[in-house]
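Colleague: A single structure is presented below for examination.
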Amino acid sequence: MKVLVVGSGGREHALIWKLAQSSLVDKIYALPGNGGIEEIAECIPISATDIGKIVDFSKNVDLVIVGPEMPLAEGLVNELPKNKAFGPTREAAIIESDKSFAKELMRHTGIPTAEFKVFTHFESAKDFVETTKYPIVIKASGLAAGKGVLIIENKKDALDALNKIMVEQAFGESGNKVVIEEYLEGKEVSVIAFTDGKDFLPLLPSQDHKKLLEGDKGLNTGGMGAYAPAVLTENEIGKVIEQVFEPCIWGMKKEGIIYKGVLYAGLIITSEGPKVLEFNCRFGDPETQPIMKLLESDLMEPILASIEGNLKSISLKWHPGYATCVVLASGGYPGSYEKGKEIIGLSEVQEATVFHAGTKREDDKIITSGGRVLGVTGIGKTLKESIALTYQEISHIHFDGMYYRKDIGSKNLSGGMK
Ligand code: AMP
Ligand code: GLY
């Protein structure tokens, strides 16, 4: 089959790396791709949100796999023939593109989540934060690349945050509505599952590190690193499927929305059990990088089964051990940062896989072109070994301003989630 993967991040590089090993795939196109993807796929210089041009290009392929949320939210899948697209429609992608929709759905289907209120007017949000108890979490309701979530300790910061999101529109129109919710404490885990609209096939659970700084401090980012498997037992995953995934897609079905593709639940394991922080309508980034390293089965099988509606007949095989992905970012990310820095040492990395995100090729050089630049991903028999190998391989790589967290996965080593 000829396959087109839409997107240009580390997630897309990892998906393409895995698809390239499939006996069902003859040719891979990436759109627009990046400096690493172009070594294994043909990159097409079309933006991932140029729906018209993507639909035109899709005539050259048998299947389109959509990586990022933006083209899903903008309805790319609605414009493609049904059996040719992997990903939810615009109507189904609302589970990610409108956090207030997701929260209301969780409330009326009984999915455990933080208490919350939705505001569309600055004045009423302001009145609420004047009298509420702290800490709270303020979230832009629309898409904000993981950056529109602020954990707030006091009234002054709450007013500043509301100003930033609702008045100054720091995250654009996604801040026209805000969700304010109860702050929850616990370990986080991401569960991602294929679904054909009836059944679910979960991938290995993983743990992202969303905060910029070590010790989970600083601003939220798209994700600074992840490892898999995060320790949730099969039994616990089964419960999450029953209590979170099933009510989510059945709740949407009641509203006339069929959900197919992958569904991602960001969970926090509280003393009262797992609660949902967010749903995403796609694979996680960077969770996909360690997950793909550990997937032994052919990735095309669950993708095709999700489209065809026979996911029940599929199971997945995994390599034993652990994988850890550490994101190397441009200095300044998630704020403003410089681009165009030459990356050196990539060819010296022999034992880990370097998934590219914000990179491009210029003549014979690879240069930085985004905030999250590379995701170095190593495997090991234990989590500790996979972490050690990954950091050892990172020591070969350098670019001006390069920043990465030194503690990815390490919380779990000191008596973490079990
Ligand atoms: P979200 O995009 O909604 O998953 O939020 C991004 C990150 O913010 C999460 O991965 C958590 O680290 C943090 N977060 C979001 N909501 C809450 C909450 N209610 N309590 C504590 N932390 C939260
Ligand atoms: N790693 C978080 C996300 O993909 O949204």
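In the structure tokens, chains take the letters A, B, ... in the order shown, each chain's residues start at 1, and ligands count up from 1 in the order shown.
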Using only C-alpha atoms, determine which residues lie at most 12 Å from Lys164 (chain A), disregarding the query and same-chain residues fewer than 5 positions distant; provide the list as a ChimeraX atom specification.

Modeller: /A:122,138-140,148-150,157-159,169-176,178

Colleague: Can you spit out the residues from that selection as a compact mmCIF listing (two decimals), in the first residue's frame, using all heavy atoms?

Modeller:
# COMPACT_ATOMS: atom_id res chain seq x y z
N PHE A 122 -15.16 37.11 30.75
CA PHE A 122 -14.07 37.44 31.65
C PHE A 122 -14.60 37.84 33.03
O PHE A 122 -14.09 37.37 34.06
CB PHE A 122 -13.24 38.59 31.04
CG PHE A 122 -12.17 39.10 31.96
CD1 PHE A 122 -11.04 38.33 32.23
CD2 PHE A 122 -12.29 40.34 32.57
CE1 PHE A 122 -10.05 38.81 33.08
CE2 PHE A 122 -11.32 40.81 33.43
CZ PHE A 122 -10.20 40.04 33.69
N ILE A 138 -6.44 26.60 35.37
CA ILE A 138 -7.18 27.38 34.36
C ILE A 138 -6.73 26.90 32.98
O ILE A 138 -5.53 26.83 32.70
CB ILE A 138 -6.92 28.89 34.52
CG1 ILE A 138 -7.34 29.35 35.93
CG2 ILE A 138 -7.65 29.68 33.44
CD1 ILE A 138 -7.28 30.85 36.16
N LYS A 139 -7.72 26.55 32.15
CA LYS A 139 -7.39 25.98 30.83
C LYS A 139 -8.12 26.74 29.72
O LYS A 139 -9.35 26.92 29.82
CB LYS A 139 -7.84 24.52 30.75
CG LYS A 139 -7.24 23.62 31.81
CD LYS A 139 -7.68 22.17 31.65
CE LYS A 139 -6.98 21.29 32.67
NZ LYS A 139 -7.22 19.86 32.47
N ALA A 140 -7.37 27.14 28.69
CA ALA A 140 -8.03 27.63 27.47
C ALA A 140 -8.81 26.43 26.93
O ALA A 140 -8.28 25.33 26.87
CB ALA A 140 -6.98 28.10 26.47
N GLY A 148 -1.81 25.79 26.91
CA GLY A 148 -2.89 26.63 27.42
C GLY A 148 -3.43 26.21 28.78
O GLY A 148 -4.57 26.51 29.10
N VAL A 149 -2.61 25.51 29.56
CA VAL A 149 -3.06 25.04 30.88
C VAL A 149 -2.17 25.66 31.95
O VAL A 149 -0.95 25.53 31.89
CB VAL A 149 -2.97 23.49 30.95
CG1 VAL A 149 -3.26 22.99 32.36
CG2 VAL A 149 -3.91 22.86 29.95
N LEU A 150 -2.78 26.35 32.92
CA LEU A 150 -1.98 27.03 33.94
C LEU A 150 -2.41 26.59 35.32
O LEU A 150 -3.61 26.61 35.64
CB LEU A 150 -2.12 28.55 33.78
CG LEU A 150 -1.68 29.08 32.39
CD1 LEU A 150 -2.22 30.46 32.14
CD2 LEU A 150 -0.16 29.09 32.28
N ASP A 157 -2.42 35.57 40.64
CA ASP A 157 -2.01 34.81 39.45
C ASP A 157 -3.22 34.39 38.61
O ASP A 157 -3.15 34.30 37.39
CB ASP A 157 -1.20 33.57 39.86
CG ASP A 157 0.16 33.94 40.45
OD1 ASP A 157 0.52 35.14 40.40
OD2 ASP A 157 0.86 33.05 40.97
N ALA A 158 -4.34 34.13 39.30
CA ALA A 158 -5.55 33.73 38.57
C ALA A 158 -6.02 34.89 37.69
O ALA A 158 -6.37 34.70 36.52
CB ALA A 158 -6.64 33.32 39.55
N LEU A 159 -6.02 36.09 38.24
CA LEU A 159 -6.47 37.26 37.46
C LEU A 159 -5.52 37.50 36.29
O LEU A 159 -5.97 37.77 35.17
CB LEU A 159 -6.56 38.50 38.37
CG LEU A 159 -7.68 38.41 39.42
CD1 LEU A 159 -7.59 39.57 40.41
CD2 LEU A 159 -9.06 38.38 38.76
N GLN A 169 -5.67 37.25 24.75
CA GLN A 169 -5.77 36.12 23.81
C GLN A 169 -4.40 35.53 23.46
O GLN A 169 -4.08 35.33 22.28
CB GLN A 169 -6.52 36.55 22.56
CG GLN A 169 -7.95 36.98 22.87
CD GLN A 169 -8.90 36.64 21.75
OE1 GLN A 169 -8.65 36.99 20.62
NE2 GLN A 169 -10.00 35.97 22.07
N ALA A 170 -3.62 35.23 24.50
CA ALA A 170 -2.28 34.67 24.29
C ALA A 170 -2.33 33.35 23.53
O ALA A 170 -1.36 32.96 22.89
CB ALA A 170 -1.58 34.47 25.62
N PHE A 171 -3.45 32.63 23.62
CA PHE A 171 -3.59 31.37 22.86
C PHE A 171 -4.63 31.53 21.77
O PHE A 171 -5.29 30.57 21.37
CB PHE A 171 -3.94 30.22 23.81
CG PHE A 171 -2.97 30.10 24.96
CD1 PHE A 171 -3.36 30.45 26.24
CD2 PHE A 171 -1.67 29.68 24.74
CE1 PHE A 171 -2.47 30.37 27.30
CE2 PHE A 171 -0.76 29.60 25.79
CZ PHE A 171 -1.16 29.94 27.08
N GLY A 172 -4.82 32.78 21.31
CA GLY A 172 -5.76 33.04 20.22
C GLY A 172 -7.19 32.76 20.65
O GLY A 172 -7.54 32.87 21.83
N GLU A 173 -8.01 32.36 19.67
CA GLU A 173 -9.44 32.16 19.94
C GLU A 173 -9.70 31.00 20.88
O GLU A 173 -10.80 30.87 21.42
CB GLU A 173 -10.18 31.92 18.63
CG GLU A 173 -10.28 33.18 17.82
CD GLU A 173 -11.12 33.00 16.58
OE1 GLU A 173 -11.72 31.92 16.42
OE2 GLU A 173 -11.16 33.94 15.77
N SER A 174 -8.68 30.14 21.07
CA SER A 174 -8.91 28.99 21.96
C SER A 174 -9.19 29.46 23.38
O SER A 174 -9.67 28.71 24.21
CB SER A 174 -7.73 28.03 21.92
OG SER A 174 -6.65 28.56 22.62
N GLY A 175 -8.90 30.74 23.67
CA GLY A 175 -9.15 31.28 25.01
C GLY A 175 -10.47 32.01 25.15
O GLY A 175 -10.76 32.61 26.19
N ASN A 176 -11.34 31.93 24.12
CA ASN A 176 -12.65 32.58 24.25
C ASN A 176 -13.49 31.93 25.34
O ASN A 176 -14.40 32.54 25.89
CB ASN A 176 -13.41 32.54 22.92
CG ASN A 176 -12.80 33.51 21.92
OD1 ASN A 176 -11.97 34.34 22.30
ND2 ASN A 176 -13.19 33.40 20.67
N VAL A 178 -12.98 29.44 28.87
CA VAL A 178 -12.00 28.79 29.74
C VAL A 178 -12.70 27.77 30.65
O VAL A 178 -13.88 27.92 30.97
CB VAL A 178 -11.20 29.77 30.65
CG1 VAL A 178 -10.35 30.72 29.86
CG2 VAL A 178 -12.10 30.50 31.61

Colleague: Using only C-alpha atoms, determine which residues lie at most 6 Å from Thr221 (chain A), disregarding the query and same-chain residues fewer than 6 positions distant; provide the list as JSON, numbers by chain.

Modeller: {"A": [146, 147, 210, 211, 334]}

Colleague: For ligand 1, list the contacting residues at 6 Å or closer, counting only C-alpha atoms and all ligand atoms, as a PyMOL selection string.

Modeller: chain A and resi 114+137+146+149+181-185+210+266+277-278

Colleague: Export N, CA, C and O atoms of the chosen residues as an mmCIF file, in the first residue's frame?

Modeller:
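Below you can see selection28.cif, which holds the result:
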data_model
loop_
_atom_site.group_PDB
_atom_site.id
_atom_site.type_symbol
_atom_site.label_atom_id
_atom_site.label_comp_id
_atom_site.auth_asym_id
_atom_site.auth_seq_id
_atom_site.Cartn_x
_atom_site.Cartn_y
_atom_site.Cartn_z
ATOM 1 N N ALA A 114 -11.823 15.984 37.349
ATOM 2 C CA ALA A 114 -11.811 17.073 38.332
ATOM 3 C C ALA A 114 -13.112 17.875 38.247
ATOM 4 O O ALA A 114 -13.667 18.065 37.157
ATOM 5 N N VAL A 137 -6.829 25.067 38.443
ATOM 6 C CA VAL A 137 -6.199 24.944 37.124
ATOM 7 C C VAL A 137 -7.070 25.708 36.133
ATOM 8 O O VAL A 137 -8.293 25.523 36.108
ATOM 9 N N GLY A 146 -0.753 22.166 23.987
ATOM 10 C CA GLY A 146 -0.305 21.749 25.319
ATOM 11 C C GLY A 146 0.094 22.906 26.229
ATOM 12 O O GLY A 146 0.472 22.687 27.372
ATOM 13 N N VAL A 149 -2.610 25.514 29.564
ATOM 14 C CA VAL A 149 -3.060 25.036 30.882
ATOM 15 C C VAL A 149 -2.166 25.659 31.953
ATOM 16 O O VAL A 149 -0.947 25.531 31.892
ATOM 17 N N GLU A 181 -10.736 24.393 36.863
ATOM 18 C CA GLU A 181 -11.027 23.147 37.569
ATOM 19 C C GLU A 181 -10.194 22.936 38.817
ATOM 20 O O GLU A 181 -9.169 23.594 39.038
ATOM 21 N N GLU A 182 -10.682 22.006 39.596
ATOM 22 C CA GLU A 182 -10.052 21.576 40.840
ATOM 23 C C GLU A 182 -8.650 21.036 40.525
ATOM 24 O O GLU A 182 -8.464 20.331 39.522
ATOM 25 N N TYR A 183 -7.682 21.336 41.367
ATOM 26 C CA TYR A 183 -6.323 20.818 41.201
ATOM 27 C C TYR A 183 -6.265 19.403 41.782
ATOM 28 O O TYR A 183 -6.695 19.172 42.904
ATOM 29 N N LEU A 184 -5.748 18.458 40.983
ATOM 30 C CA LEU A 184 -5.670 17.065 41.451
ATOM 31 C C LEU A 184 -4.220 16.677 41.653
ATOM 32 O O LEU A 184 -3.345 17.120 40.900
ATOM 33 N N GLU A 185 -4.001 15.811 42.626
ATOM 34 C CA GLU A 185 -2.629 15.359 42.867
ATOM 35 C C GLU A 185 -2.505 13.867 42.596
ATOM 36 O O GLU A 185 -3.407 13.103 42.941
ATOM 37 N N LYS A 210 5.151 16.765 31.264
ATOM 38 C CA LYS A 210 4.656 17.958 30.550
ATOM 39 C C LYS A 210 5.352 19.244 30.957
ATOM 40 O O LYS A 210 5.374 20.210 30.210
ATOM 41 N N GLY A 266 -5.542 11.245 29.086
ATOM 42 C CA GLY A 266 -4.512 11.666 30.046
ATOM 43 C C GLY A 266 -5.118 11.498 31.431
ATOM 44 O O GLY A 266 -6.113 12.137 31.765
ATOM 45 N N LEU A 277 -7.683 13.850 33.040
ATOM 46 C CA LEU A 277 -7.274 15.253 32.897
ATOM 47 C C LEU A 277 -7.690 15.787 31.542
ATOM 48 O O LEU A 277 -8.062 16.935 31.401
ATOM 49 N N GLU A 278 -7.545 14.949 30.524
ATOM 50 C CA GLU A 278 -7.884 15.404 29.173
ATOM 51 C C GLU A 278 -8.049 14.204 28.256
ATOM 52 O O GLU A 278 -7.512 13.126 28.514
#

Colleague: Extract, using only C-alpha atoms, all DNA, RNA and protein residues at most 12 Å from region 385-390 of chain A, discarding same-chain residues fewer than 5 positions from it, and format them as an NGL selection string.

Modeller: :A and (225-229 or 290 or 293-294 or 320-328 or 349-354 or 375-380 or 395-397 or 404-413)

Colleague: Let's see if you can do this: from backbone DSSP, list all alpha helix (DSSP H) residues in region 262-347 of chain A, as number ranges by chain.

Modeller: A: 288-294, 300-308

Colleague: Counting only C-alpha atoms and all ligand atoms, which residues in chain A sit no more than 10 Å from ligand 2? For each one, give the nearest pair of atoms and the distance in Å, sorted by chain then residue number, as a tab-separated table.

Modeller:
residue	atom	partner	partner_atom_place_in_ligand_line	distance
A:Arg11	CA	ligand 2	4 (O)	8.6
A:Pro68	CA	ligand 2	4 (O)	8.8
A:Glu69	CA	ligand 2	5 (O)	9.1
A:Glu96	CA	ligand 2	5 (O)	9.3
A:Ala144	CA	ligand 2	5 (O)	9.9
A:Ala145	CA	ligand 2	5 (O)	7.3
A:Gly146	CA	ligand 2	5 (O)	6.0
A:Lys147	CA	ligand 2	5 (O)	9.7
A:Ser190	CA	ligand 2	1 (N)	8.1
A:Ser206	CA	ligand 2	1 (N)	9.7
A:Gln207	CA	ligand 2	1 (N)	8.6
A:Asp208	CA	ligand 2	1 (N)	5.7
A:His209	CA	ligand 2	1 (N)	7.7
A:Lys210	CA	ligand 2	1 (N)	6.9
A:Thr221	CA	ligand 2	2 (C)	8.4
A:Gly222	CA	ligand 2	2 (C)	5.6
A:Gly223	CA	ligand 2	1 (N)	4.8
A:Met224	CA	ligand 2	1 (N)	8.2
A:Gly225	CA	ligand 2	1 (N)	8.3
A:Ala226	CA	ligand 2	1 (N)	8.0
A:Tyr264	CA	ligand 2	4 (O)	8.3
A:Ala265	CA	ligand 2	5 (O)	9.4
A:Gly266	CA	ligand 2	2 (C)	7.9
A:Glu278	CA	ligand 2	5 (O)	8.6
A:Phe279	CA	ligand 2	5 (O)	8.5
A:Asn280	CA	ligand 2	5 (O)	6.5
A:Cys281	CA	ligand 2	5 (O)	9.2
A:Arg282	CA	ligand 2	4 (O)	7.8
A:Phe283	CA	ligand 2	4 (O)	6.5
A:Gly284	CA	ligand 2	4 (O)	3.3
A:Asp285	CA	ligand 2	4 (O)	4.0
A:Pro286	CA	ligand 2	1 (N)	5.3
A:Glu287	CA	ligand 2	1 (N)	6.0
A:Thr288	CA	ligand 2	4 (O)	8.4

Colleague: Using C-alpha atoms, can you write the selected residues to a file as an mmCIF file, in the first residue's frame?

Modeller:
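Just written: again.cif:
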data_model
loop_
_atom_site.group_PDB
_atom_site.id
_atom_site.type_symbol
_atom_site.label_atom_id
_atom_site.label_comp_id
_atom_site.auth_asym_id
_atom_site.auth_seq_id
_atom_site.Cartn_x
_atom_site.Cartn_y
_atom_site.Cartn_z
ATOM 1 C CA ARG A 11 5.204 11.405 16.774
ATOM 2 C CA PRO A 68 -1.731 16.143 14.699
ATOM 3 C CA GLU A 69 -4.960 17.470 16.192
ATOM 4 C CA GLU A 96 -9.870 17.416 22.160
ATOM 5 C CA ALA A 144 -3.160 25.432 22.387
ATOM 6 C CA ALA A 145 -0.442 22.816 21.671
ATOM 7 C CA GLY A 146 -0.305 21.749 25.319
ATOM 8 C CA LYS A 147 0.539 25.254 26.492
ATOM 9 C CA SER A 190 -1.372 8.318 29.320
ATOM 10 C CA SER A 206 3.117 5.595 29.104
ATOM 11 C CA GLN A 207 4.086 8.571 31.191
ATOM 12 C CA ASP A 208 4.681 11.993 29.702
ATOM 13 C CA HIS A 209 6.580 14.830 31.445
ATOM 14 C CA LYS A 210 4.656 17.958 30.550
ATOM 15 C CA THR A 221 4.928 22.186 27.290
ATOM 16 C CA GLY A 222 3.809 19.775 24.579
ATOM 17 C CA GLY A 223 5.858 17.160 26.499
ATOM 18 C CA MET A 224 9.567 16.992 27.413
ATOM 19 C CA GLY A 225 9.944 13.220 27.505
ATOM 20 C CA ALA A 226 8.096 9.979 28.088
ATOM 21 C CA TYR A 264 -5.947 9.248 24.194
ATOM 22 C CA ALA A 265 -6.868 9.655 27.846
ATOM 23 C CA GLY A 266 -4.512 11.666 30.046
ATOM 24 C CA GLU A 278 -7.884 15.404 29.173
ATOM 25 C CA PHE A 279 -8.847 13.499 26.076
ATOM 26 C CA ASN A 280 -6.886 13.799 22.861
ATOM 27 C CA CYS A 281 -8.085 12.655 19.460
ATOM 28 C CA ARG A 282 -4.720 11.304 18.291
ATOM 29 C CA PHE A 283 -1.487 9.605 19.337
ATOM 30 C CA GLY A 284 0.454 11.446 22.059
ATOM 31 C CA ASP A 285 3.696 13.248 21.392
ATOM 32 C CA PRO A 286 6.207 12.234 22.820
ATOM 33 C CA GLU A 287 4.444 9.079 24.161
ATOM 34 C CA THR A 288 4.292 7.561 20.658
#

Colleague: Region 134-259 of chain A: which residues are strand (DSSP E or B) by DSSP, as a ChimeraX atom specification?

Modeller: /A:136-140,149-152,178-182,187-195,200-202,206-208,211-213,217-220,225-228

Colleague: Print the selection's residues with C-alpha atoms to a file, as a compact mmCIF listing (two decimals), in the first residue's frame.

Modeller:
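As a result, selection38.txt now contains:
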# COMPACT_ATOMS: atom_id res chain seq x y z
CA ILE A 136 -6.91 25.73 40.77
CA VAL A 137 -6.20 24.94 37.12
CA ILE A 138 -7.18 27.38 34.36
CA LYS A 139 -7.39 25.98 30.83
CA ALA A 140 -8.03 27.63 27.47
CA VAL A 149 -3.06 25.04 30.88
CA LEU A 150 -1.98 27.03 33.94
CA ILE A 151 -1.74 25.79 37.50
CA ILE A 152 -2.60 28.67 39.77
CA VAL A 178 -12.00 28.79 29.74
CA VAL A 179 -12.38 25.77 31.97
CA ILE A 180 -11.47 26.33 35.62
CA GLU A 181 -11.03 23.15 37.57
CA GLU A 182 -10.05 21.58 40.84
CA LYS A 187 1.00 10.34 39.16
CA GLU A 188 0.07 10.91 35.56
CA VAL A 189 -0.30 8.22 32.95
CA SER A 190 -1.37 8.32 29.32
CA VAL A 191 -3.50 5.52 27.93
CA ILE A 192 -3.90 5.47 24.16
CA ALA A 193 -6.20 3.00 22.43
CA PHE A 194 -7.23 2.18 18.88
CA THR A 195 -10.97 2.13 18.37
CA PHE A 200 -10.79 -0.80 21.94
CA LEU A 201 -7.24 -2.03 21.62
CA PRO A 202 -4.98 -0.26 24.12
CA SER A 206 3.12 5.60 29.10
CA GLN A 207 4.09 8.57 31.19
CA ASP A 208 4.68 11.99 29.70
CA LYS A 211 6.52 20.50 32.64
CA LEU A 212 9.55 22.28 31.26
CA LEU A 213 11.84 21.94 34.27
CA LYS A 217 8.42 22.62 37.72
CA GLY A 218 7.87 25.48 35.32
CA LEU A 219 5.53 25.97 32.39
CA ASN A 220 3.52 23.29 30.64
CA GLY A 225 9.94 13.22 27.50
CA ALA A 226 8.10 9.98 28.09
CA TYR A 227 8.67 6.36 28.92
CA ALA A 228 6.70 3.16 28.46

Colleague: I want to know what sits within 12 Å of His398 (chain A), based on only C-alpha atoms, with residues of the same chain fewer than 3 positions away left out; could you give that as a list in words?

Modeller: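 So, after excluding close chain neighbours, the residues are Leu328, Ala329, Ser330, Lys341, Glu342, Ile343, Ile344, Gly345, Leu346, Ser347, Glu348, Val349, Ile366, Ile367, Thr368, Val373, Leu374, Glu393, Ile394, Ser395, Gly401, Met402, Tyr403 and Tyr404 of chain A.
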
Colleague: Deliver the residues from the most recent selection as a file, using N, CA, C and O atoms, as a compact mmCIF listing (two decimals), in the first residue's frame.

Modeller:
# COMPACT_ATOMS: atom_id res chain seq x y z
N LEU A 328 14.89 16.92 23.17
CA LEU A 328 15.88 18.00 23.15
C LEU A 328 15.19 19.20 22.52
O LEU A 328 14.68 19.12 21.39
N ALA A 329 15.12 20.29 23.29
CA ALA A 329 14.33 21.45 22.84
C ALA A 329 15.23 22.65 22.57
O ALA A 329 16.37 22.72 23.05
N SER A 330 14.69 23.60 21.84
CA SER A 330 15.39 24.87 21.60
C SER A 330 15.30 25.72 22.86
O SER A 330 14.23 25.80 23.48
N LYS A 341 19.69 26.60 14.03
CA LYS A 341 20.95 26.18 14.64
C LYS A 341 21.36 24.81 14.08
O LYS A 341 20.52 23.90 14.01
N GLU A 342 22.63 24.68 13.74
CA GLU A 342 23.09 23.40 13.20
C GLU A 342 23.14 22.34 14.31
O GLU A 342 23.60 22.61 15.42
N ILE A 343 22.65 21.15 13.98
CA ILE A 343 22.69 20.04 14.95
C ILE A 343 23.87 19.15 14.59
O ILE A 343 23.96 18.67 13.46
N ILE A 344 24.75 18.94 15.56
CA ILE A 344 25.90 18.08 15.26
C ILE A 344 25.85 16.81 16.12
O ILE A 344 25.20 16.77 17.16
N GLY A 345 26.51 15.78 15.62
CA GLY A 345 26.68 14.54 16.38
C GLY A 345 25.62 13.48 16.12
O GLY A 345 25.68 12.40 16.71
N LEU A 346 24.66 13.75 15.23
CA LEU A 346 23.57 12.78 15.03
C LEU A 346 24.09 11.42 14.57
O LEU A 346 23.59 10.38 15.01
N SER A 347 25.13 11.44 13.72
CA SER A 347 25.61 10.15 13.18
C SER A 347 26.37 9.35 14.24
O SER A 347 26.62 8.16 14.06
N GLU A 348 26.72 10.01 15.34
CA GLU A 348 27.43 9.26 16.40
C GLU A 348 26.47 8.48 17.30
O GLU A 348 26.89 7.67 18.12
N VAL A 349 25.19 8.75 17.16
CA VAL A 349 24.21 8.01 17.98
C VAL A 349 23.97 6.66 17.31
O VAL A 349 23.43 6.60 16.21
N ILE A 366 21.71 19.28 9.15
CA ILE A 366 20.38 19.28 9.77
C ILE A 366 20.35 20.47 10.73
O ILE A 366 21.25 20.61 11.57
N ILE A 367 19.33 21.31 10.57
CA ILE A 367 19.24 22.49 11.44
C ILE A 367 17.92 22.49 12.21
O ILE A 367 16.96 21.80 11.82
N THR A 368 17.88 23.26 13.29
CA THR A 368 16.66 23.31 14.11
C THR A 368 15.61 24.18 13.40
O THR A 368 15.95 25.17 12.74
N VAL A 373 12.87 19.69 19.27
CA VAL A 373 13.73 19.47 18.10
C VAL A 373 13.92 17.98 17.82
O VAL A 373 13.71 17.51 16.70
N LEU A 374 14.32 17.22 18.84
CA LEU A 374 14.61 15.79 18.66
C LEU A 374 14.04 15.02 19.85
O LEU A 374 13.90 15.58 20.94
N GLU A 393 23.46 8.42 24.91
CA GLU A 393 23.45 8.73 23.49
C GLU A 393 23.24 10.22 23.24
O GLU A 393 23.77 10.78 22.28
N ILE A 394 22.49 10.88 24.14
CA ILE A 394 22.28 12.33 24.01
C ILE A 394 23.61 13.07 24.10
O ILE A 394 23.79 14.12 23.47
N SER A 395 24.56 12.50 24.82
CA SER A 395 25.82 13.22 25.04
C SER A 395 26.57 13.45 23.72
O SER A 395 27.47 14.28 23.65
N GLY A 401 22.01 26.37 22.31
CA GLY A 401 20.78 26.61 23.08
C GLY A 401 20.05 25.34 23.47
O GLY A 401 18.98 25.40 24.09
N MET A 402 20.59 24.16 23.13
CA MET A 402 19.89 22.89 23.40
C MET A 402 19.54 22.75 24.88
O MET A 402 20.37 22.94 25.74
N TYR A 403 18.28 22.41 25.15
CA TYR A 403 17.85 22.21 26.54
C TYR A 403 17.09 20.88 26.64
O TYR A 403 16.29 20.55 25.76
N TYR A 404 17.36 20.12 27.70
CA TYR A 404 16.55 18.93 27.96
C TYR A 404 16.51 18.66 29.45
O TYR A 404 17.39 19.09 30.20

Colleague: Which one of A:Gly335, A:Gly358, A:Gly215, A:Pro135 sits closest to Pro32 (chain A) if you count only C-alpha atoms?

Modeller: A:Gly358

Colleague: Compare A:Leu295, A:Leu72, A:Pro112, A:Arg372 by their minimum atom-to-atom distance to Ser336 (chain A), counting only C-alpha atoms, and give me the closest one.

Modeller: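 Closest residue, counting only C-alpha atoms: A:Arg372.
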
Colleague: Near Ile16 (chain A), within 10 Å and counting only C-alpha atoms, which residues show up once chain neighbours fewer than 5 positions away are dropped, as a list of chain:residue names?

Modeller: A:Val3, A:Leu4, A:Val5, A:Gly10, A:Arg11, A:Gln21, A:Ser22, A:Ile28, A:Tyr29, A:Ala30, A:Gly33, A:Ile37, A:Ile40, A:Ala41, A:Ile65, A:Met292, A:Leu299

Colleague: So the first atom is CA of Phe119 (chain A) and the second is CA of Leu162 (chain A); what is the distance between them in Å, to one decimal place?

Modeller: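 Atom-to-atom, CA of Phe119 (chain A) and CA of Leu162 (chain A) are spaced 10.4 Å apart.
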